[in-house]
Amino acid sequence: RSEDEDRKSKYKAAVRIQSWFRGCRVRAYLRYLNKMAICIQKWWRGYQSRRYFRKLLETAYFIMKMNFYNEMAVRIQKRWRGYYVRKYIHNYYTLKKYLEAISVNNETVRSELQKYAEMKENEEKRKDLEKKEKEKKYQARKMHYLLSTEQIAGIYNSPFRKSPDPMELLLRESKPLSHRRQEIRSPFGSELYDWPTCKRPPTFSTVQPLLAIGRQKPQGPFRDTAEVLQQRYKPLEPTLRVAASINSPLEKAREEIKREEWRNRIHDNEFLPFSSFHKNEKYEPSIHTSGKYVQETYGVKHFREAHPKKWVAGKDFKTVLPSIVLFEKFGKTYSRTGQIV
Amino acid sequence: MSQRQVLQVFEQYQRARTQFVQAVAELAARPQNVGLLQSAGVVSLLRPLLLDVVPTVQQSAALALGRLADCNNDLAEAVVKGDILPQLLCSLSEQNRFYKKAAAFVLRAVGKHSPQLAQAIVQCGALEMLVICLEDFDPGVKEAASWALTYIARHNSELSQAVVDAGAVPLLVLCIQEPEIALKRIAASTLSDISKHSPELAQTVVDAGAIAHLAQMILNPDAKLKRQVLSALSQIAKHSVDLAELVVEAEIFPVVLTCLKDSDEYVKKNGATLIREIAKHTPELSQLIVNAGGVAAVIDCIGSCRGTVRLPGIMTLGYVAAHSENLSMAVIVSKGIPPLCVCLIEEHEDHIKAAAAWALGLIGRHTPEHAHAVAAANVLPTLLAMYLNTNSSEDLQMKTKKALKNILQKCTHLPALESLLHDAPLNIMKYIVGQFSKVLPHDSKARRLFVTTGGLKKIQEIKAEPGSLLQEYINTINSCYPEEVVRYYSPGYPETLLERVENYHPVF
């Protein structure tokens, strides 16, 4: 049993020694691992921080440079903007010059306008003066009879005056007015004169002959209706030759009408034997064309002189150029009965 | 019986009809007869005579109807209700020029009273007939037709659109080129009435090439023609910037200024209106006007006229000065402020005074120099008096208040401010005191003057709510001065001194 216990104690001692030794070994191993881990981590962390630091450094450097640039840019922009604004936008001196130029311009404009207004006024005055002059001259012409004669002094040439009145001088220079026929003015014409472009008032023909009841409208918009009527119903103004003759057509026509009236009171038909009396009168030839023995045919039968002996050829000249086809159709496109060309 | 006697009966009847119609036409020319004629039933009698065989009778009947409708509204309505217009218009294109003139006269007389009557005329198809009349050769017919179109187009924009749709505008532009002055006048007034309603109508008128002809006619010596032409151009220019630029491109500028010197008042007024309509759109257009010397001409025009004729000129100055401070300075340099002050004082009408106050406010509000120029003209007390006057209309009061506010916010001219200090009501007072509080802390001479003229005393008397802006300003001013001075000038100071005297026990 003591060997057993010896053995046990030795065994336990051996175990203890071994465990302690193994523990040491493991601990050493662990320490070793630890150290290695620390080494790695140390190295890695150093690396990372250096990188980080480098980045920080770079950003700080960058920011410093940017601030510097910004400041310099601000200085440049400050100078430039001040210059630009002062030169172009709020240029004090040009503004001053501009305002001076405006006042000068205004002065010129004002003086021009003043001159224009004065010129207009002068024109008005001149027109007034001229009108008055015209009035005076017209009055002088009208009252021409007030001119003084050798025997009797006129009212404007009183003997008690030193020199004659200016009116007297005007009267001496003026020509007397001639009598003018009064124009026939219709009573309603002047009231319709309120249309400003109407130069002559439209005369409603109260003094002219009345229009026939079933008549056609006058052609074309241009002539005054009254004028047209006047032309149409103008009284006959025969020439001296016609009027001088005893049996002039006017008298003859009048007599004809009178005879008809007399007849119509009793009887509607003409008496036949007597009615042809004045229809068979001989024609009186004109004095100008009647020669000693024979009537000249010039003016009646022909108007142009023709010398057949002088003619070159017997026929008419032919045209060299071809005639225009369209014009050949003149007068031939429709029949004569239609009378359209 | 005999042929002649039968014809004689007809001739008598014709003569009687002619006499009747011409007598009615003459009577209708006098307004006092119109009532009697109406009660005698003249419209129904004249209606069949319009279709008479004899043209004289037709024309006289149309003329009589036109005169009757011209006089009063009821007869015009009777003419429309009596179905006369279709008969009038049915054969218009074949008739002669006197009939056309008389028919156009009737249409004009009916159309001028109210929009409903004008609408009735349009519905009868009168516009096509009037356009046919415009194509006629006779200038009298054209004039009567365009007069009728003027009255129709004047009422509202639908009627103007109807006139334009009937194709009247190119014909009117042709009418303007005719040599007769009366025709030009009426055509110009028609174009003016058409273009005044809306920008599209004005554009139609411009597209027909009217501006060049209108611009040429400004040189014409006839005063009434110039009135109409200037009015037409201003109605075109007022709608938009493009139209105003088109009008300016027609080279009106130095010429329009001679119109401002014309002897006729309405030519001056319309000329100033045209310049106003151009100036109000953009700063560039105002700049153009200033460079051409327009401001000087407008100022002279204001100085030489009286009454409503001045109003467009005043508004022109206001619009020009409103755009920028350089332009406003240009107005001041052209001596614009004295006439405006004279207007404020002299004129009786409130709206003209209001316009003058508005213009002054716009001139003075840009910078302290501008406000100084306005204040130096001694116009601020007048403005204040008008604001406080109970007889002034609301519009005048509002405009003077705004003007004062704008000018005072920039004014550093202390004597002018001080003269206002004594009378101003509280809402104006705060601006005045505000300006003082800005200037006084920096300028010692001004502080001394402020005290000697009694301004400090007045300030102490103002009762302001604590915490309001006015109180802050007052505190700022009070802090510029030593405390004894402030206490010396505060109200009731003599009483406090006397109290101290009473409570003082002499020490022996």
# chains A, B, ... in the order shown; residues from 1 in each chain; ligands from 1

$ interface_residues --of "chain B" --to "chain A" --cutoff "8 Å" --atoms "only C-alpha atoms" --output "CSV table (one decimal) with N, CA, C and O atoms, in the first residue's frame"
chain,number,residue,atom,x,y,z
B,10,PHE,N,-102.4,111.8,-112.5
B,10,PHE,CA,-101.2,111.2,-112.0
B,10,PHE,C,-100.1,112.2,-111.6
B,10,PHE,O,-99.4,112.1,-110.6
B,11,GLU,N,-100.0,113.2,-112.5
B,11,GLU,CA,-99.0,114.2,-112.2
B,11,GLU,C,-99.3,115.0,-110.9
B,11,GLU,O,-98.5,115.3,-110.1
B,22,GLN,N,-91.2,116.3,-98.8
B,22,GLN,CA,-90.2,117.3,-98.6
B,22,GLN,C,-90.5,118.2,-97.4
B,22,GLN,O,-89.7,118.6,-96.6
B,26,GLU,N,-88.4,118.7,-94.0
B,26,GLU,CA,-87.9,120.0,-93.4
B,26,GLU,C,-88.4,120.1,-92.0
B,26,GLU,O,-87.6,120.6,-91.2
B,53,VAL,N,-92.3,104.9,-106.7
B,53,VAL,CA,-91.7,104.8,-108.0
B,53,VAL,C,-90.7,105.9,-108.3
B,53,VAL,O,-89.7,105.8,-108.9
B,54,VAL,N,-91.1,107.1,-107.8
B,54,VAL,CA,-90.3,108.3,-108.1
B,54,VAL,C,-89.1,108.3,-107.2
B,54,VAL,O,-89.3,108.3,-106.0
B,56,THR,N,-87.2,110.7,-106.3
B,56,THR,CA,-87.1,111.9,-105.4
B,56,THR,C,-87.9,111.6,-104.1
B,56,THR,O,-87.5,111.9,-103.0
B,96,ASN,N,-79.6,104.9,-106.8
B,96,ASN,CA,-78.5,105.9,-107.1
B,96,ASN,C,-78.0,106.4,-105.8
B,96,ASN,O,-78.4,106.0,-104.7
B,97,ARG,N,-77.0,107.3,-105.9
B,97,ARG,CA,-76.2,107.6,-104.7
B,97,ARG,C,-76.9,108.4,-103.7
B,97,ARG,O,-76.6,108.4,-102.5
B,139,PRO,N,-67.9,109.9,-102.9
B,139,PRO,CA,-67.4,110.0,-101.6
B,139,PRO,C,-68.4,110.3,-100.5
B,139,PRO,O,-68.3,109.9,-99.4
B,140,GLY,N,-69.5,111.0,-100.9
B,140,GLY,CA,-70.6,111.2,-100.0
B,140,GLY,C,-71.2,110.0,-99.5
B,140,GLY,O,-71.5,109.8,-98.3
B,180,GLU,N,-60.9,113.5,-100.0
B,180,GLU,CA,-61.8,114.3,-99.3
B,180,GLU,C,-61.6,114.2,-97.8
B,180,GLU,O,-61.5,113.1,-97.2
B,182,ALA,N,-63.5,115.1,-95.1
B,182,ALA,CA,-64.5,114.7,-94.3
B,182,ALA,C,-64.6,113.1,-94.3
B,182,ALA,O,-64.8,112.5,-93.3
B,183,LEU,N,-64.3,112.6,-95.5
B,183,LEU,CA,-64.3,111.1,-95.6
B,183,LEU,C,-63.2,110.5,-94.8
B,183,LEU,O,-63.4,109.5,-94.0
B,257,LEU,N,-45.0,115.2,-81.6
B,257,LEU,CA,-44.7,116.3,-80.7
B,257,LEU,C,-45.3,117.7,-81.2
B,257,LEU,O,-45.6,118.5,-80.4
B,258,THR,N,-45.3,117.8,-82.6
B,258,THR,CA,-45.9,119.1,-83.1
B,258,THR,C,-47.4,119.1,-82.8
B,258,THR,O,-47.9,120.2,-82.7
B,261,LYS,N,-48.4,120.9,-79.8
B,261,LYS,CA,-48.4,122.3,-79.8
B,261,LYS,C,-49.5,122.9,-80.6
B,261,LYS,O,-49.5,124.1,-80.9
B,262,ASP,N,-50.4,122.1,-81.0
B,262,ASP,CA,-51.5,122.5,-81.9
B,262,ASP,C,-52.4,123.5,-81.2
B,262,ASP,O,-52.5,123.5,-80.0
B,290,VAL,N,-38.4,109.5,-74.1
B,290,VAL,CA,-37.5,110.5,-73.5
B,290,VAL,C,-36.4,110.9,-74.4
B,290,VAL,O,-36.1,112.1,-74.5
B,291,ASN,N,-35.8,110.0,-75.1
B,291,ASN,CA,-34.7,110.4,-76.0
B,291,ASN,C,-35.2,111.3,-77.1
B,291,ASN,O,-34.4,112.1,-77.6
B,292,ALA,N,-36.5,111.1,-77.5
B,292,ALA,CA,-37.0,112.0,-78.6
B,292,ALA,C,-37.4,113.3,-78.1
B,292,ALA,O,-37.9,114.2,-78.9
B,293,GLY,N,-37.2,113.6,-76.8
B,293,GLY,CA,-37.6,114.9,-76.3
B,293,GLY,C,-39.1,115.0,-76.0
B,293,GLY,O,-39.7,116.1,-75.8
B,294,GLY,N,-39.8,113.8,-75.9
B,294,GLY,CA,-41.2,113.8,-75.7
B,294,GLY,C,-41.6,114.3,-74.4
B,294,GLY,O,-42.7,115.0,-74.3
B,295,VAL,N,-40.8,114.1,-73.4
B,295,VAL,CA,-41.1,114.5,-72.0
B,295,VAL,C,-41.2,116.0,-72.0
B,295,VAL,O,-42.2,116.6,-71.4
B,296,ALA,N,-40.3,116.7,-72.6
B,296,ALA,CA,-40.4,118.2,-72.6
B,296,ALA,C,-41.6,118.7,-73.2
B,296,ALA,O,-42.3,119.6,-72.7
B,297,ALA,N,-42.0,118.1,-74.4
B,297,ALA,CA,-43.2,118.5,-75.1
B,297,ALA,C,-44.4,118.3,-74.2
B,297,ALA,O,-45.3,119.1,-74.2
B,300,ASP,N,-44.6,120.9,-71.5
B,300,ASP,CA,-45.1,122.2,-72.0
B,300,ASP,C,-46.6,122.1,-72.2
B,300,ASP,O,-47.3,123.1,-72.0
B,326,ASN,N,-33.6,106.1,-63.6
B,326,ASN,CA,-33.0,107.0,-64.6
B,326,ASN,C,-34.1,107.8,-65.3
B,326,ASN,O,-33.9,109.0,-65.6
B,329,MET,N,-35.4,110.4,-63.1
B,329,MET,CA,-34.5,111.5,-63.0
B,329,MET,C,-34.5,112.4,-64.3
B,329,MET,O,-34.4,113.6,-64.2
B,330,ALA,N,-34.7,111.7,-65.4
B,330,ALA,CA,-34.9,112.5,-66.7
B,330,ALA,C,-36.1,113.4,-66.6
B,330,ALA,O,-36.1,114.5,-67.1
B,333,VAL,N,-35.2,116.3,-64.4
B,333,VAL,CA,-34.3,117.2,-65.1
B,333,VAL,C,-35.0,118.1,-66.2
B,333,VAL,O,-34.6,119.2,-66.4
B,334,SER,N,-36.0,117.5,-66.8
B,334,SER,CA,-36.8,118.3,-67.8
B,334,SER,C,-37.8,119.2,-67.1
B,334,SER,O,-38.7,119.7,-67.8

$ atom_distance --atom1 "atom CA of B:Lys226" --atom2 "atom CA of B:Cys71"
28.4 Å

$ residues_around --residues "B:Leu470" --least-positions-apart "6" --cutoff "12 Å" --atoms "only C-alpha atoms" --output "list of chain:residue names"
B:Leu426, B:Asn427, B:Ile428, B:Met429, B:Lys430, B:Tyr431, B:Ile432, B:Val433, B:Gly434, B:Gln435, B:Phe436, B:Ser437, B:Ile459, B:Gln460, B:Ile462, B:Lys463, B:Ala464, B:Thr476, B:Ile477

$ write_last_selection --atoms "N, CA, C and O atoms" --output "compact mmCIF listing (two decimals), in the first residue's frame"
# COMPACT_ATOMS: atom_id res chain seq x y z
N LEU B 426 -51.38 110.19 -37.38
CA LEU B 426 -50.47 109.18 -36.87
C LEU B 426 -49.90 108.25 -37.93
O LEU B 426 -48.73 107.88 -37.86
N ASN B 427 -50.71 107.85 -38.90
CA ASN B 427 -50.16 106.87 -39.83
C ASN B 427 -49.09 107.47 -40.74
O ASN B 427 -48.20 106.76 -41.19
N ILE B 428 -49.17 108.78 -40.99
CA ILE B 428 -48.09 109.42 -41.76
C ILE B 428 -46.92 109.71 -40.84
O ILE B 428 -45.76 109.66 -41.23
N MET B 429 -47.28 110.01 -39.59
CA MET B 429 -46.25 110.39 -38.64
C MET B 429 -45.20 109.33 -38.50
O MET B 429 -44.01 109.62 -38.35
N LYS B 430 -45.61 108.05 -38.59
CA LYS B 430 -44.62 107.01 -38.32
C LYS B 430 -43.53 107.01 -39.38
O LYS B 430 -42.37 106.73 -39.09
N TYR B 431 -43.88 107.38 -40.64
CA TYR B 431 -42.83 107.43 -41.66
C TYR B 431 -41.88 108.58 -41.41
O TYR B 431 -40.66 108.46 -41.55
N ILE B 432 -42.50 109.74 -41.03
CA ILE B 432 -41.67 110.92 -40.80
C ILE B 432 -40.68 110.65 -39.66
O ILE B 432 -39.48 110.88 -39.77
N VAL B 433 -41.26 110.12 -38.57
CA VAL B 433 -40.40 109.87 -37.41
C VAL B 433 -39.36 108.81 -37.75
O VAL B 433 -38.21 108.89 -37.31
N GLY B 434 -39.75 107.82 -38.55
CA GLY B 434 -38.81 106.80 -38.97
C GLY B 434 -37.63 107.40 -39.71
O GLY B 434 -36.47 107.04 -39.49
N GLN B 435 -37.93 108.34 -40.61
CA GLN B 435 -36.83 108.97 -41.34
C GLN B 435 -35.92 109.75 -40.40
O GLN B 435 -34.70 109.71 -40.53
N PHE B 436 -36.53 110.46 -39.46
CA PHE B 436 -35.70 111.20 -38.52
C PHE B 436 -34.81 110.25 -37.75
O PHE B 436 -33.62 110.52 -37.53
N SER B 437 -35.41 109.12 -37.36
CA SER B 437 -34.60 108.21 -36.54
C SER B 437 -33.47 107.62 -37.35
O SER B 437 -32.49 107.15 -36.80
N ILE B 459 -42.07 115.60 -30.79
CA ILE B 459 -41.95 114.15 -30.70
C ILE B 459 -42.40 113.66 -29.33
O ILE B 459 -43.05 112.63 -29.21
N GLN B 460 -42.02 114.40 -28.32
CA GLN B 460 -42.41 113.96 -26.99
C GLN B 460 -43.90 113.97 -26.82
O GLN B 460 -44.45 113.20 -26.02
N ILE B 462 -46.07 113.08 -28.92
CA ILE B 462 -46.77 112.00 -29.63
C ILE B 462 -47.01 110.86 -28.67
O ILE B 462 -46.11 110.39 -27.98
N LYS B 463 -48.26 110.42 -28.63
CA LYS B 463 -48.55 109.27 -27.77
C LYS B 463 -48.57 108.03 -28.64
O LYS B 463 -49.47 107.85 -29.44
N ALA B 464 -47.58 107.22 -28.48
CA ALA B 464 -47.56 106.01 -29.28
C ALA B 464 -47.77 104.80 -28.41
O ALA B 464 -47.42 104.80 -27.24
N THR B 476 -35.43 105.62 -30.39
CA THR B 476 -34.14 105.83 -31.05
C THR B 476 -33.77 107.30 -31.04
O THR B 476 -32.61 107.66 -30.77
N ILE B 477 -34.77 108.13 -31.34
CA ILE B 477 -34.47 109.56 -31.38
C ILE B 477 -34.10 110.05 -29.98
O ILE B 477 -33.14 110.82 -29.79

$ select_by_dssp --residues "stretch 156-264 of chain B" --states "helix (DSSP H, G or I)" --output "VMD selection string"
chain B and resid 157 to 165 168 to 176 181 to 195 199 to 207 210 to 219 223 to 237 241 to 249 253 to 259

$ atom_distance --atom1 "atom CA of B:Ala359" --atom2 "atom CA of B:Thr400"
10.1 Å
